[in-house]
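Novice: Got a structure for you, protein_19.cif, holding mmCIF, C-alpha atoms and all ligand atoms.
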data_input
loop_
_atom_site.label_atom_id
_atom_site.label_comp_id
_atom_site.auth_asym_id
_atom_site.auth_seq_id
_atom_site.Cartn_x
_atom_site.Cartn_y
_atom_site.Cartn_z
CA MET A 12 -0.66 -69.47 -86.28
CA HIS A 13 -0.78 -65.97 -87.72
CA THR A 14 0.52 -64.48 -84.46
CA THR A 15 3.45 -66.92 -84.28
CA LEU A 16 4.47 -66.06 -87.81
CA THR A 17 4.46 -62.33 -87.11
CA ILE A 18 6.65 -62.76 -84.03
CA THR A 19 9.09 -64.96 -85.93
CA LEU A 20 9.36 -62.45 -88.73
CA GLY A 21 9.78 -59.65 -86.24
CA LEU A 22 12.71 -61.43 -84.61
CA ALA A 23 14.29 -62.16 -87.96
CA ALA A 24 14.08 -58.49 -88.89
CA ALA A 25 15.61 -57.49 -85.56
CA ALA A 26 18.46 -59.96 -86.07
CA ALA A 27 19.13 -58.59 -89.53
CA THR A 28 19.54 -55.04 -88.22
CA PRO A 29 21.41 -55.39 -84.91
CA LEU A 30 21.47 -52.36 -82.64
CA THR A 31 25.05 -51.17 -83.01
CA CYS A 32 26.52 -47.76 -82.30
CA ALA A 33 29.01 -46.55 -84.86
CA GLU A 34 32.42 -45.72 -83.36
CA PRO A 35 32.76 -41.93 -83.25
CA SER A 36 35.58 -40.53 -85.37
CA ASP A 37 38.54 -38.84 -83.69
CA GLN A 38 37.22 -35.52 -84.94
CA GLN A 39 33.81 -36.16 -83.30
CA THR A 40 35.46 -37.19 -80.01
CA LEU A 41 37.59 -34.04 -79.99
CA GLY A 42 34.49 -31.99 -80.83
CA VAL A 43 32.66 -33.36 -77.75
CA LEU A 44 35.69 -32.72 -75.53
CA GLN A 45 36.04 -29.17 -76.79
CA ARG A 46 32.33 -28.56 -76.32
CA ASP A 47 32.11 -29.96 -72.79
CA PHE A 48 35.48 -29.05 -71.30
CA HIS A 49 35.58 -25.47 -70.09
CA ALA A 50 38.81 -23.66 -69.39
CA ARG A 51 39.00 -22.63 -65.74
CA GLY A 52 42.03 -21.31 -63.90
CA GLN A 53 45.09 -23.39 -64.67
CA ALA A 54 42.99 -26.08 -66.44
CA THR A 55 43.27 -24.62 -69.94
CA MET A 56 42.01 -25.99 -73.26
CA ASP A 57 45.41 -27.37 -74.27
CA ARG A 58 44.59 -30.27 -71.91
CA VAL A 59 42.25 -31.79 -74.49
CA VAL A 60 44.78 -31.64 -77.32
CA GLN A 61 46.98 -34.71 -77.78
CA ASP A 62 50.69 -34.29 -78.45
CA GLY A 63 52.32 -36.20 -81.33
CA LEU A 64 53.20 -39.25 -79.24
CA GLN A 65 49.67 -39.58 -77.82
CA ARG A 66 48.28 -39.21 -81.33
CA ILE A 67 50.47 -42.01 -82.68
CA CYS A 68 49.42 -44.27 -79.80
CA THR A 69 45.73 -43.50 -80.42
CA LEU A 70 45.96 -44.02 -84.18
CA SER A 71 47.83 -47.33 -83.82
CA GLY A 72 45.64 -48.72 -81.02
CA ASP A 73 48.70 -48.39 -78.72
CA GLN A 74 50.75 -50.55 -81.08
CA PRO A 75 52.96 -48.32 -83.21
CA PRO A 76 55.57 -50.03 -85.43
CA ALA A 77 58.53 -51.15 -83.26
CA GLU A 78 61.05 -48.80 -84.91
CA VAL A 79 58.72 -45.80 -84.46
CA ALA A 80 58.20 -46.68 -80.78
CA LYS A 81 61.96 -47.04 -80.27
CA ALA A 82 62.74 -43.67 -81.85
CA LEU A 83 60.03 -41.85 -79.91
CA GLU A 84 61.00 -43.55 -76.63
CA ALA A 85 64.55 -42.25 -77.21
CA ASP A 86 63.11 -38.73 -77.65
CA GLN A 87 61.18 -39.10 -74.38
CA MET A 88 64.31 -40.40 -72.63
CA ARG A 89 66.12 -37.18 -73.54
CA THR A 90 63.47 -35.19 -71.63
CA ILE A 91 64.45 -36.80 -68.30
CA VAL A 92 66.55 -34.61 -66.06
CA PHE A 93 68.43 -36.93 -63.69
CA PRO A 94 69.75 -35.14 -60.59
CA SER A 95 73.32 -35.86 -59.52
CA GLY A 96 73.95 -37.68 -56.25
CA SER A 97 71.63 -40.04 -54.41
CA LEU A 98 68.14 -40.51 -55.82
CA MET A 99 66.76 -41.88 -52.53
CA GLY A 100 64.61 -39.41 -50.60
CA GLU A 101 62.41 -40.07 -47.58
CA TRP A 102 59.85 -42.88 -47.94
CA LYS A 103 57.38 -41.37 -45.43
CA ARG A 104 56.99 -38.28 -47.56
CA GLY A 105 56.82 -40.56 -50.60
CA GLU A 106 53.86 -42.43 -49.10
CA ALA A 107 51.93 -39.15 -48.65
CA ILE A 108 52.71 -38.14 -52.26
CA ALA A 109 51.60 -41.57 -53.55
CA GLN A 110 48.33 -41.21 -51.61
CA SER A 111 47.48 -37.74 -52.89
CA GLY A 112 45.63 -37.10 -56.10
CA ARG A 113 45.54 -33.32 -55.67
CA GLY A 114 47.16 -30.84 -58.00
CA SER A 115 46.74 -29.19 -61.40
CA MET A 116 42.95 -28.99 -61.09
CA TRP A 117 41.18 -25.71 -61.78
CA ASN A 118 40.51 -25.21 -58.07
CA ASP A 119 44.04 -26.07 -56.92
CA GLN A 120 46.34 -23.16 -56.31
CA THR A 121 48.73 -22.76 -59.25
CA GLY A 122 52.17 -23.95 -58.21
CA ALA A 123 50.94 -25.70 -55.03
CA ALA A 124 52.56 -29.11 -54.39
CA ALA A 125 50.72 -31.88 -56.25
CA GLY A 126 50.33 -35.59 -55.53
CA GLY A 127 51.36 -38.58 -57.64
CA SER A 128 48.05 -40.52 -57.57
CA CYS A 129 50.11 -43.72 -57.54
CA TYR A 130 47.45 -45.65 -55.59
CA ASN A 131 44.86 -44.85 -58.25
CA CYS A 132 46.58 -47.45 -60.42
CA HIS A 133 49.06 -49.43 -58.28
CA GLN A 134 49.13 -51.41 -55.07
CA LEU A 135 52.09 -50.21 -52.95
CA SER A 136 52.00 -50.41 -49.12
CA PRO A 137 50.00 -53.41 -47.86
CA GLN A 138 48.29 -51.13 -45.27
CA GLU A 139 46.38 -49.37 -48.05
CA GLN A 140 43.47 -51.60 -49.06
CA SER A 141 41.88 -49.15 -51.48
CA HIS A 142 44.12 -49.13 -54.54
CA GLY A 143 43.64 -49.38 -58.28
CA THR A 144 44.45 -52.46 -60.30
CA LEU A 145 44.99 -50.92 -63.73
CA ALA A 146 48.75 -51.20 -63.23
CA PRO A 147 51.00 -53.96 -61.83
CA SER A 148 51.31 -54.20 -58.04
CA LEU A 149 54.50 -52.58 -56.73
CA LEU A 150 54.34 -54.42 -53.41
CA GLY A 151 57.83 -55.71 -52.51
CA PHE A 152 59.35 -53.80 -55.48
CA GLY A 153 62.73 -53.13 -53.81
CA ASN A 154 62.96 -56.66 -52.45
CA LYS A 155 62.46 -58.09 -55.91
CA ARG A 156 64.47 -55.62 -57.99
CA GLY A 157 67.17 -54.44 -55.56
CA ASN A 158 67.90 -50.83 -54.62
CA GLY A 159 71.29 -50.04 -56.14
CA PRO A 160 72.09 -47.00 -58.34
CA GLN A 161 70.75 -48.59 -61.55
CA VAL A 162 67.37 -49.47 -60.09
CA GLN A 163 67.16 -46.02 -58.46
CA GLN A 164 67.86 -44.47 -61.86
CA TYR A 165 65.20 -46.63 -63.54
CA VAL A 166 62.50 -45.81 -60.95
CA TYR A 167 63.35 -42.10 -61.02
CA GLY A 168 63.20 -42.08 -64.82
CA LYS A 169 60.00 -44.12 -64.96
CA ILE A 170 58.20 -41.68 -62.64
CA TYR A 171 59.66 -38.67 -64.48
CA ASN A 172 58.60 -39.93 -67.91
CA ALA A 173 57.02 -43.40 -68.10
CA LYS A 174 56.70 -43.15 -71.88
CA ALA A 175 60.49 -43.18 -72.29
CA TYR A 176 60.36 -46.86 -71.33
CA ASN A 177 57.02 -47.86 -72.84
CA LEU A 178 55.77 -45.41 -75.45
CA CYS A 179 52.02 -45.97 -75.04
CA SER A 180 52.13 -46.45 -71.25
CA GLN A 181 48.99 -45.33 -69.45
CA MET A 182 51.16 -43.95 -66.66
CA PRO A 183 51.32 -40.13 -66.61
CA ARG A 184 54.62 -38.34 -67.26
CA LEU A 185 54.80 -36.84 -63.79
CA GLY A 186 58.18 -35.09 -63.95
CA HIS A 187 58.02 -34.15 -67.62
CA ALA A 188 54.57 -32.59 -67.13
CA GLY A 189 55.82 -30.61 -64.15
CA THR A 190 53.37 -32.33 -61.77
CA LEU A 191 56.06 -33.57 -59.36
CA THR A 192 59.31 -31.92 -58.30
CA GLU A 193 62.74 -33.54 -58.20
CA GLN A 194 62.51 -33.96 -54.40
CA GLN A 195 59.04 -35.53 -54.61
CA ILE A 196 60.24 -38.06 -57.20
CA LYS A 197 63.21 -38.92 -54.95
CA ASP A 198 60.81 -39.48 -52.05
CA LEU A 199 58.79 -41.86 -54.25
CA VAL A 200 61.98 -43.71 -55.25
CA ALA A 201 62.57 -44.27 -51.52
CA LEU A 202 58.98 -45.46 -51.04
CA LEU A 203 59.59 -48.16 -53.65
CA LEU A 204 63.20 -49.07 -52.80
CA ASP A 205 64.06 -48.29 -49.16
CA PRO A 206 64.17 -51.56 -47.18
CA ALA A 207 62.44 -49.69 -44.30
CA SER A 208 59.49 -48.67 -46.50
CA PRO A 209 56.20 -50.53 -45.93
CA VAL A 210 56.36 -51.50 -49.65
CA ASN A 211 59.26 -53.79 -48.73
CA LYS A 212 58.12 -54.98 -45.30
C1 LIG B 301 47.01 -43.85 -64.52
C2 LIG B 301 47.63 -45.00 -63.94
C3 LIG B 301 48.99 -44.89 -63.31
C4 LIG B 301 49.41 -44.00 -62.34
C5 LIG B 301 48.65 -42.82 -61.75
C6 LIG B 301 50.75 -44.40 -61.99
N1 LIG B 301 51.14 -45.49 -62.73
FE1 LIG B 301 52.90 -46.47 -62.60
N2 LIG B 301 52.37 -47.68 -64.12
C7 LIG B 301 51.13 -47.70 -64.72
C8 LIG B 301 51.08 -48.79 -65.68
C9 LIG B 301 49.88 -49.16 -66.54
C10 LIG B 301 52.33 -49.44 -65.64
C11 LIG B 301 52.76 -50.68 -66.43
C12 LIG B 301 53.06 -50.35 -67.86
C13 LIG B 301 54.34 -49.57 -67.98
O1 LIG B 301 55.38 -50.04 -67.52
O2 LIG B 301 54.30 -48.47 -68.50
C14 LIG B 301 53.13 -48.70 -64.65
C15 LIG B 301 54.43 -49.01 -64.33
C16 LIG B 301 55.13 -48.47 -63.27
C17 LIG B 301 56.46 -48.85 -62.87
C18 LIG B 301 57.34 -49.89 -63.55
C19 LIG B 301 57.08 -51.25 -62.90
C20 LIG B 301 58.09 -52.32 -63.31
O3 LIG B 301 57.78 -53.49 -63.04
O4 LIG B 301 59.15 -52.01 -63.85
C21 LIG B 301 56.79 -48.11 -61.76
C22 LIG B 301 58.10 -48.16 -60.98
C23 LIG B 301 55.65 -47.26 -61.48
N3 LIG B 301 54.67 -47.49 -62.41
C24 LIG B 301 55.58 -46.37 -60.42
C25 LIG B 301 54.55 -45.45 -60.23
C26 LIG B 301 54.55 -44.44 -59.19
C27 LIG B 301 55.61 -44.29 -58.11
C28 LIG B 301 53.41 -43.70 -59.38
C29 LIG B 301 52.98 -42.45 -58.64
C30 LIG B 301 53.89 -41.32 -58.77
C31 LIG B 301 52.70 -44.26 -60.52
N4 LIG B 301 53.42 -45.32 -61.00
C32 LIG B 301 51.50 -43.77 -61.01
C33 LIG B 301 50.07 -46.85 -64.46
C34 LIG B 301 50.10 -45.82 -63.54
#
Is it possible to express this structure as structure tokens?
Specialist:
Amino acid sequence: MHTTLTITLGLAAAAATPLTCAEPSDQQTLGVLQRDFHARGQATMDRVVQDGLQRICTLSGDQPPAEVAKALEADQMRTIVFPSGSLMGEWKRGEAIAQSGRGSMWNDQTGAAAGGSCYNCHQLSPQEQSHGTLAPSLLGFGNKRGNGPQVQQYVYGKIYNAKAYNLCSQMPRLGHAGTLTEQQIKDLVALLLDPASPVNK
């Protein structure tokens, strides 16, 4: 009897003080990042500092007030440099860029061509089985959305600066950040939109 009572009381005490971890504050999180991230080569400490837009997304749980989001998306839209002429490059080169996650790391050569890491998040060509699922599948994108000038412009802009269209998007700003060149983005536009691309087969 005595033993049973002790166990019951023990459980009650445990239930009253559940094992929870307090959420770290932003300051604590930044402190850990600054402690553990070491600047090497081109990977400098500014990588762990959020810009204003990222800060607003963090503080609002990715749900800033609609009018704030609209104003900041307009700012991001103004960063996009649209080339004149056709935005369709070569889908075969686009597939290689989508596959590659190289570039901008401390051990990559500064200025060497980088990849887009598209498969980390998206499904694209059906031949590639190993793709991320964080983002919507882009399989059949051109078939579904068309491939005229407006869609080309949208895809180019989305790759250049995804946050111009969706402020707290998890997609990196690949043109704005200088990760991909104009020609590389055009090649990715072709990967998504060219009827001959495996994405649309
Ligand atoms: C870190 C993950 C991530 C990476 C890497 C990424 N994306 Fe995205 N992408 C997303 C997410 C999440 C969305 C959906 C939300 C949004 O629209 O912002 C998206 C949306 C898109 C859209 C809009 C889809 C639509 O239905 O209108 C396109 C186009 C796109 N991505 C293309 C690409 C291409 C091409 C690459 C490689 C250069 C790429 N993405 C890399 C996460 C990613």
Novice: What's the 12 Å shell around A:Glu193, counting only C-alpha atoms, without same-chain residues fewer than 5 positions away, as a PDB file with C-alpha atoms, in the frame of the given file?
Specialist:
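The result, stored in selection13.pdb:
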ATOM      1  CA  ILE A  91      64.450 -36.800 -68.300  1.00  0.00           C
ATOM      2  CA  VAL A  92      66.550 -34.610 -66.060  1.00  0.00           C
ATOM      3  CA  PHE A  93      68.430 -36.930 -63.690  1.00  0.00           C
ATOM      4  CA  PRO A  94      69.750 -35.140 -60.590  1.00  0.00           C
ATOM      5  CA  SER A  95      73.320 -35.860 -59.520  1.00  0.00           C
ATOM      6  CA  SER A  97      71.630 -40.040 -54.410  1.00  0.00           C
ATOM      7  CA  LEU A  98      68.140 -40.510 -55.820  1.00  0.00           C
ATOM      8  CA  MET A  99      66.760 -41.880 -52.530  1.00  0.00           C
ATOM      9  CA  GLY A 100      64.610 -39.410 -50.600  1.00  0.00           C
ATOM     10  CA  GLY A 105      56.820 -40.560 -50.600  1.00  0.00           C
ATOM     11  CA  ALA A 124      52.560 -29.110 -54.390  1.00  0.00           C
ATOM     12  CA  TYR A 167      63.350 -42.100 -61.020  1.00  0.00           C
ATOM     13  CA  GLY A 168      63.200 -42.080 -64.820  1.00  0.00           C
ATOM     14  CA  ILE A 170      58.200 -41.680 -62.640  1.00  0.00           C
ATOM     15  CA  TYR A 171      59.660 -38.670 -64.480  1.00  0.00           C
ATOM     16  CA  LEU A 185      54.800 -36.840 -63.790  1.00  0.00           C
ATOM     17  CA  GLY A 186      58.180 -35.090 -63.950  1.00  0.00           C
ATOM     18  CA  HIS A 187      58.020 -34.150 -67.620  1.00  0.00           C
ATOM     19  CA  ASP A 198      60.810 -39.480 -52.050  1.00  0.00           C
ATOM     20  CA  LEU A 199      58.790 -41.860 -54.250  1.00  0.00           C
ATOM     21  CA  VAL A 200      61.980 -43.710 -55.250  1.00  0.00           C
TER      22      VAL A 200
END
Novice: Emit as AutoDock Vina command-line options the padded axis-aligned box for all listed atoms of ligand LIG 301 (chain B), 5 Å per side, with centre and edge lengths in Å to one decimal.
Specialist:
--center_x 53.1 --center_y -47.4 --center_z -63.3 --size_x 22.1 --size_y 22.2 --size_z 20.4
Novice: Atom CA of A:Val59 and atom FE1 of ligand LIG 301 (chain B) are how many Å apart?
Specialist: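 Atom FE1 of ligand LIG 301 (chain B) lies at a distance of 21.7 Å from atom CA of A:Val59.
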Novice: Of the candidates A:Ala77, A:Leu145, A:Ile196, A:Leu64, which shows the shortest atom-to-atom distance to A:Lys169, using only C-alpha atoms?
Specialist: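 Under the stated criterion, the closest residue is A:Ile196.
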Novice: When you draw a straight line from atom CA of A:Glu139 to atom CA of A:Ala123, how long is it in Å?
Specialist: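 Going from atom CA of A:Glu139 over to atom CA of A:Ala123 covers 25.1 Å.
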Novice: Contacts of A:Arg104 at 12 Å or less, counting all atoms listed in the file, minus same-chain residues fewer than 6 places along, as a PyMOL selection string?
Specialist: chain A and resi 110-111+126-127+194-203+208
Novice: Do you know which residues lie at most 12 Å from (43.6, -32.1, -61.0), with coordinates as in the file and only C-alpha atoms counted, and could you write them as a tab-separated table (two decimals) with C-alpha atoms, in the coordinates of the input?
Specialist:
chain	number	residue	atom	x	y	z
A	51	ARG	CA	39.00	-22.63	-65.74
A	52	GLY	CA	42.03	-21.31	-63.90
A	53	GLN	CA	45.09	-23.39	-64.67
A	54	ALA	CA	42.99	-26.08	-66.44
A	55	THR	CA	43.27	-24.62	-69.94
A	58	ARG	CA	44.59	-30.27	-71.91
A	111	SER	CA	47.48	-37.74	-52.89
A	112	GLY	CA	45.63	-37.10	-56.10
A	113	ARG	CA	45.54	-33.32	-55.67
A	114	GLY	CA	47.16	-30.84	-58.00
A	115	SER	CA	46.74	-29.19	-61.40
A	116	MET	CA	42.95	-28.99	-61.09
A	117	TRP	CA	41.18	-25.71	-61.78
A	118	ASN	CA	40.51	-25.21	-58.07
A	119	ASP	CA	44.04	-26.07	-56.92
A	120	GLN	CA	46.34	-23.16	-56.31
A	121	THR	CA	48.73	-22.76	-59.25
A	123	ALA	CA	50.94	-25.70	-55.03
A	124	ALA	CA	52.56	-29.11	-54.39
A	125	ALA	CA	50.72	-31.88	-56.25
A	126	GLY	CA	50.33	-35.59	-55.53
A	127	GLY	CA	51.36	-38.58	-57.64
A	128	SER	CA	48.05	-40.52	-57.57
A	190	THR	CA	53.37	-32.33	-61.77
Novice: What gap, in Å, lies between atom CA of A:Asp37 and atom CA of A:Leu178?
Specialist: 20.2 Å
Novice: Of the candidates A:Asn211, A:Gln138, A:Thr90, A:Asn131, which shows the shortest atom-to-atom distance to ligand LIG 301 (chain B), using only C-alpha atoms and all ligand atoms?
Specialist: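 Checking each candidate against ligand LIG 301 (chain B), we get A:Asn131 as the closest.
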